[in-house]
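Below is one structure, written out as structure tokens; comments come after it.
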Amino acid sequence: RQIAAFTPARLSILDASEFHLYEIDLELDERFPEIERRAVLADIRDAGRIRRIFADEAPELVFHAAALKHVPVVETHIEEGVLTNTIGTRVVADACRANNVSAMVLISTDKAVNPSSLMGATKRIAESYCQALDIVEGSKAGGTRFVTVRFGNVLGSTGSVVPLFQRQLARGGPLTVTHPDMTRFFMTVHEAVELVLEASVLGLGSDRRNGELYVLDMGEPIRIMDLARQMILLAGLEPEVDIRIEITRPRPGEKLFEEVLHDAEGVETTAYSGILRATPRTMEQVIIARALDELETVVRAGNRDEAITIVRRLVPEYRPTDEDQSYAASSR
């Protein structure tokens with residue numbers, strides 16, 4: 001919607017969901033009938049189809065937001081998470097490179113920092129691949145730039161905690177919080193998208209360093225318990241009197257708090273308020289490409305253990321929550 005408001009010469013929207021593609025295409029037709037556009041139903045994991053689409057569309061800018069992003073779902077469906085978040089990102093990035101796209105913007109997540117979940121680890125590998133490509137392409141005149149933008153939770157997005165609390169409130173409660181000390185970073189959809197678009201401008205600037213990534217300043221983390229109480233109060237009700245708050249337990253792969261930066265990533269401000277520039281941690285493109293070939297092979301063969309071994313090799317800081325719990329138990 002925000003891109004359409006800038007009246008691009010042409011807008012191509014691609015989604016694997018027929019229903020969501022139909023919905024947004026219909027809305028754009030109603031709100032921006034003057035913009036030439038095409039709605040494309042496709043799966044980013046289908047390399048042949050993605051290559052053909054990119055050759056036909058010849059985009060100048062690509063915003064890559066496609067991902068499986070719900071931590072417990074990806075913990076259960078490891079193969080799907082790897083194929084979409086990691087291999088799918090590679091497919092899109094390679095298609096950008098092959099078709100002389102000016103820039104690809106990868107939407108990443110704070111869960112990629114010191115990940116405790118497969119979702120976070122797969123997104124960190126996607127970051128690494130795009131950073132490696134940016135170093136290769138950035139050394140060439142007219143090469144494709146790969147811009148990685150990392151941020152936390154978006155209020156009201158699909159699967160976020162706010163719609164969940166709204167549904168639980170409508171049912172009369174209880175509101176479920178997985179841990180009383182759990183915190184998350186939040187920003188609105190509009191603010192997040194606006195900053196992503198600004199980061200894409202920074203990513204095409206002449207003063208950028210190859211392989212760097214951008215981190216959105218999320219402000220202070222919010223306690224989920226406080227958010228639950230506030231939503232009950234905003235509904236004109238009293239927490240623990242009218243609506244109960246129930247503490248459950250952290251789900252597989254879930255951390256008590258998220259981080260937007262790794263300790264090895266130095267950070268500096270940019271010309272845009274709300275966008276920080278992080279020093280890259282990178283690996284050679286040839287090495288990561290070879291590892292992704294291996295990862296795709298074992299995942300498609302259904303070998304989860306080997307897949308996790310490769311993920312650990314690519315993301316040494318990946319530490320599942322069950323390991324954290326085992327360590328905590330052994331250290332008592």
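In the structure tokens, the first chain shown is A, the next is B, and so on; residue numbers restart at 1 for each chain, and ligands run from 1 in the order shown.
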Test item: residues at most 10 Å from range 276-286 of chain A, only C-alpha atoms, excluding those fewer than 3 positions along its chain, as a ChimeraX atom specification: /A:127-136,149-150,199,202,208-217,261-262,264-273,289-292,314
For Gly48 in chain A, find every residue with an atom within 12 Å (counting only C-alpha atoms), except residues of its own chain fewer than 3 positions away, and show them as a PDB file with N, CA, C and O atoms, in the first residue's frame.
ATOM      1  N   ALA A  42       2.631 -17.658  -6.919  1.00  0.00           N
ATOM      2  CA  ALA A  42       3.834 -18.477  -7.077  1.00  0.00           C
ATOM      3  C   ALA A  42       4.429 -18.792  -5.712  1.00  0.00           C
ATOM      4  O   ALA A  42       4.142 -18.121  -4.711  1.00  0.00           O
ATOM      5  N   ASP A  43       5.278 -19.802  -5.690  1.00  0.00           N
ATOM      6  CA  ASP A  43       5.984 -20.232  -4.491  1.00  0.00           C
ATOM      7  C   ASP A  43       7.457 -19.876  -4.671  1.00  0.00           C
ATOM      8  O   ASP A  43       8.079 -20.283  -5.659  1.00  0.00           O
ATOM      9  N   ILE A  44       8.045 -19.137  -3.720  1.00  0.00           N
ATOM     10  CA  ILE A  44       9.439 -18.722  -3.862  1.00  0.00           C
ATOM     11  C   ILE A  44      10.403 -19.901  -3.842  1.00  0.00           C
ATOM     12  O   ILE A  44      11.572 -19.753  -4.207  1.00  0.00           O
ATOM     13  N   ARG A  45       9.931 -21.080  -3.443  1.00  0.00           N
ATOM     14  CA  ARG A  45      10.803 -22.255  -3.417  1.00  0.00           C
ATOM     15  C   ARG A  45      10.908 -22.920  -4.787  1.00  0.00           C
ATOM     16  O   ARG A  45      11.716 -23.824  -4.969  1.00  0.00           O
ATOM     17  N   ARG A  51      12.521 -17.753 -11.624  1.00  0.00           N
ATOM     18  CA  ARG A  51      13.414 -17.231 -12.669  1.00  0.00           C
ATOM     19  C   ARG A  51      12.618 -16.692 -13.854  1.00  0.00           C
ATOM     20  O   ARG A  51      12.909 -15.620 -14.383  1.00  0.00           O
ATOM     21  N   ARG A  52      11.586 -17.440 -14.261  1.00  0.00           N
ATOM     22  CA  ARG A  52      10.762 -17.009 -15.409  1.00  0.00           C
ATOM     23  C   ARG A  52       9.998 -15.734 -15.078  1.00  0.00           C
ATOM     24  O   ARG A  52       9.884 -14.823 -15.913  1.00  0.00           O
ATOM     25  N   ILE A  53       9.465 -15.654 -13.865  1.00  0.00           N
ATOM     26  CA  ILE A  53       8.704 -14.463 -13.453  1.00  0.00           C
ATOM     27  C   ILE A  53       9.607 -13.233 -13.455  1.00  0.00           C
ATOM     28  O   ILE A  53       9.242 -12.164 -13.956  1.00  0.00           O
ATOM     29  N   PHE A  54      10.805 -13.368 -12.905  1.00  0.00           N
ATOM     30  CA  PHE A  54      11.730 -12.233 -12.850  1.00  0.00           C
ATOM     31  C   PHE A  54      12.149 -11.797 -14.253  1.00  0.00           C
ATOM     32  O   PHE A  54      12.291 -10.599 -14.519  1.00  0.00           O
ATOM     33  N   ALA A  55      12.340 -12.767 -15.134  1.00  0.00           N
ATOM     34  CA  ALA A  55      12.701 -12.423 -16.515  1.00  0.00           C
ATOM     35  C   ALA A  55      11.561 -11.665 -17.190  1.00  0.00           C
ATOM     36  O   ALA A  55      11.791 -10.715 -17.953  1.00  0.00           O
ATOM     37  N   GLY A  88      14.270 -20.490  -0.095  1.00  0.00           N
ATOM     38  CA  GLY A  88      13.417 -19.569  -0.847  1.00  0.00           C
ATOM     39  C   GLY A  88      14.051 -18.196  -0.993  1.00  0.00           C
ATOM     40  O   GLY A  88      13.979 -17.576  -2.063  1.00  0.00           O
ATOM     41  N   VAL A  91      16.658 -18.441  -3.629  1.00  0.00           N
ATOM     42  CA  VAL A  91      16.054 -18.472  -4.969  1.00  0.00           C
ATOM     43  C   VAL A  91      15.752 -17.047  -5.443  1.00  0.00           C
ATOM     44  O   VAL A  91      16.075 -16.667  -6.574  1.00  0.00           O
ATOM     45  N   VAL A  92      15.137 -16.259  -4.570  1.00  0.00           N
ATOM     46  CA  VAL A  92      14.787 -14.883  -4.938  1.00  0.00           C
ATOM     47  C   VAL A  92      16.048 -14.049  -5.149  1.00  0.00           C
ATOM     48  O   VAL A  92      16.149 -13.281  -6.120  1.00  0.00           O
ATOM     49  N   ASP A  94      19.066 -15.020  -5.982  1.00  0.00           N
ATOM     50  CA  ASP A  94      19.757 -15.425  -7.214  1.00  0.00           C
ATOM     51  C   ASP A  94      19.034 -14.901  -8.448  1.00  0.00           C
ATOM     52  O   ASP A  94      19.658 -14.508  -9.443  1.00  0.00           O
ATOM     53  N   ALA A  95      17.692 -14.884  -8.385  1.00  0.00           N
ATOM     54  CA  ALA A  95      16.905 -14.362  -9.508  1.00  0.00           C
ATOM     55  C   ALA A  95      17.143 -12.861  -9.667  1.00  0.00           C
ATOM     56  O   ALA A  95      17.214 -12.347 -10.789  1.00  0.00           O
TER      57      ALA A  95
END
Pick from A:Ala4, A:Ala9, A:Leu169, A:Ile247, whichever lies nearest to Glu30 in chain A using only C-alpha atoms: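 Using only C-alpha atoms, the shortest distance to Glu30 in chain A belongs to A:Ala4.
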Those of range 56-95 of chain A in DSSP helix (DSSP H, G or I), formatted as number ranges by chain: A: 56-57, 71-76, 78-95
Expected file: the selected residues, C-alpha atoms, as an mmCIF file, in the first residue's frame:
data_model
loop_
_atom_site.group_PDB
_atom_site.id
_atom_site.type_symbol
_atom_site.label_atom_id
_atom_site.label_comp_id
_atom_site.auth_asym_id
_atom_site.auth_seq_id
_atom_site.Cartn_x
_atom_site.Cartn_y
_atom_site.Cartn_z
ATOM 1 C CA ASP A 56 9.145 -11.394 -17.508
ATOM 2 C CA GLU A 57 8.662 -8.662 -14.892
ATOM 3 C CA VAL A 71 8.317 -19.826 15.994
ATOM 4 C CA PRO A 72 6.377 -22.880 17.273
ATOM 5 C CA VAL A 73 5.171 -23.768 13.749
ATOM 6 C CA VAL A 74 8.690 -23.797 12.316
ATOM 7 C CA GLU A 75 9.959 -25.812 15.311
ATOM 8 C CA THR A 76 7.442 -28.494 14.322
ATOM 9 C CA ILE A 78 11.688 -27.789 10.273
ATOM 10 C CA GLU A 79 11.864 -28.758 6.616
ATOM 11 C CA GLU A 80 9.254 -26.176 5.612
ATOM 12 C CA GLY A 81 11.005 -23.444 7.573
ATOM 13 C CA VAL A 82 14.368 -24.166 5.957
ATOM 14 C CA LEU A 83 12.918 -24.433 2.449
ATOM 15 C CA THR A 84 10.965 -21.167 2.685
ATOM 16 C CA ASN A 85 13.122 -18.934 4.868
ATOM 17 C CA THR A 86 16.550 -20.014 3.677
ATOM 18 C CA ILE A 87 16.317 -21.776 0.308
ATOM 19 C CA GLY A 88 13.417 -19.569 -0.847
ATOM 20 C CA THR A 89 15.386 -16.433 -0.008
ATOM 21 C CA ARG A 90 18.323 -17.798 -1.967
ATOM 22 C CA VAL A 91 16.054 -18.472 -4.969
ATOM 23 C CA VAL A 92 14.787 -14.883 -4.938
ATOM 24 C CA ALA A 93 18.260 -13.398 -4.369
ATOM 25 C CA ASP A 94 19.757 -15.425 -7.214
ATOM 26 C CA ALA A 95 16.905 -14.362 -9.508
#
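Near Ser17 in chain A, within 9 Å and counting only C-alpha atoms, sit A:Leu14, A:His20, A:Leu21, A:Tyr22, A:Leu41, A:Ala42, A:Asp43, not including residues fewer than 3 positions from it in the same chain.
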Selected residue, from A:Arg319, A:Lys255, A:Arg1, A:Arg97, that lies nearest to Ala58 in chain A when counting only C-alpha atoms: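 The answer is A:Arg97, which sits nearest to Ala58 in chain A.
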Shortest interatomic distance to Ile245 in chain A - which of A:Pro316, A:Pro221, A:Gly172, A:Gly203, counting only C-alpha atoms: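 Smallest distance to Ile245 in chain A is found for A:Gly172.
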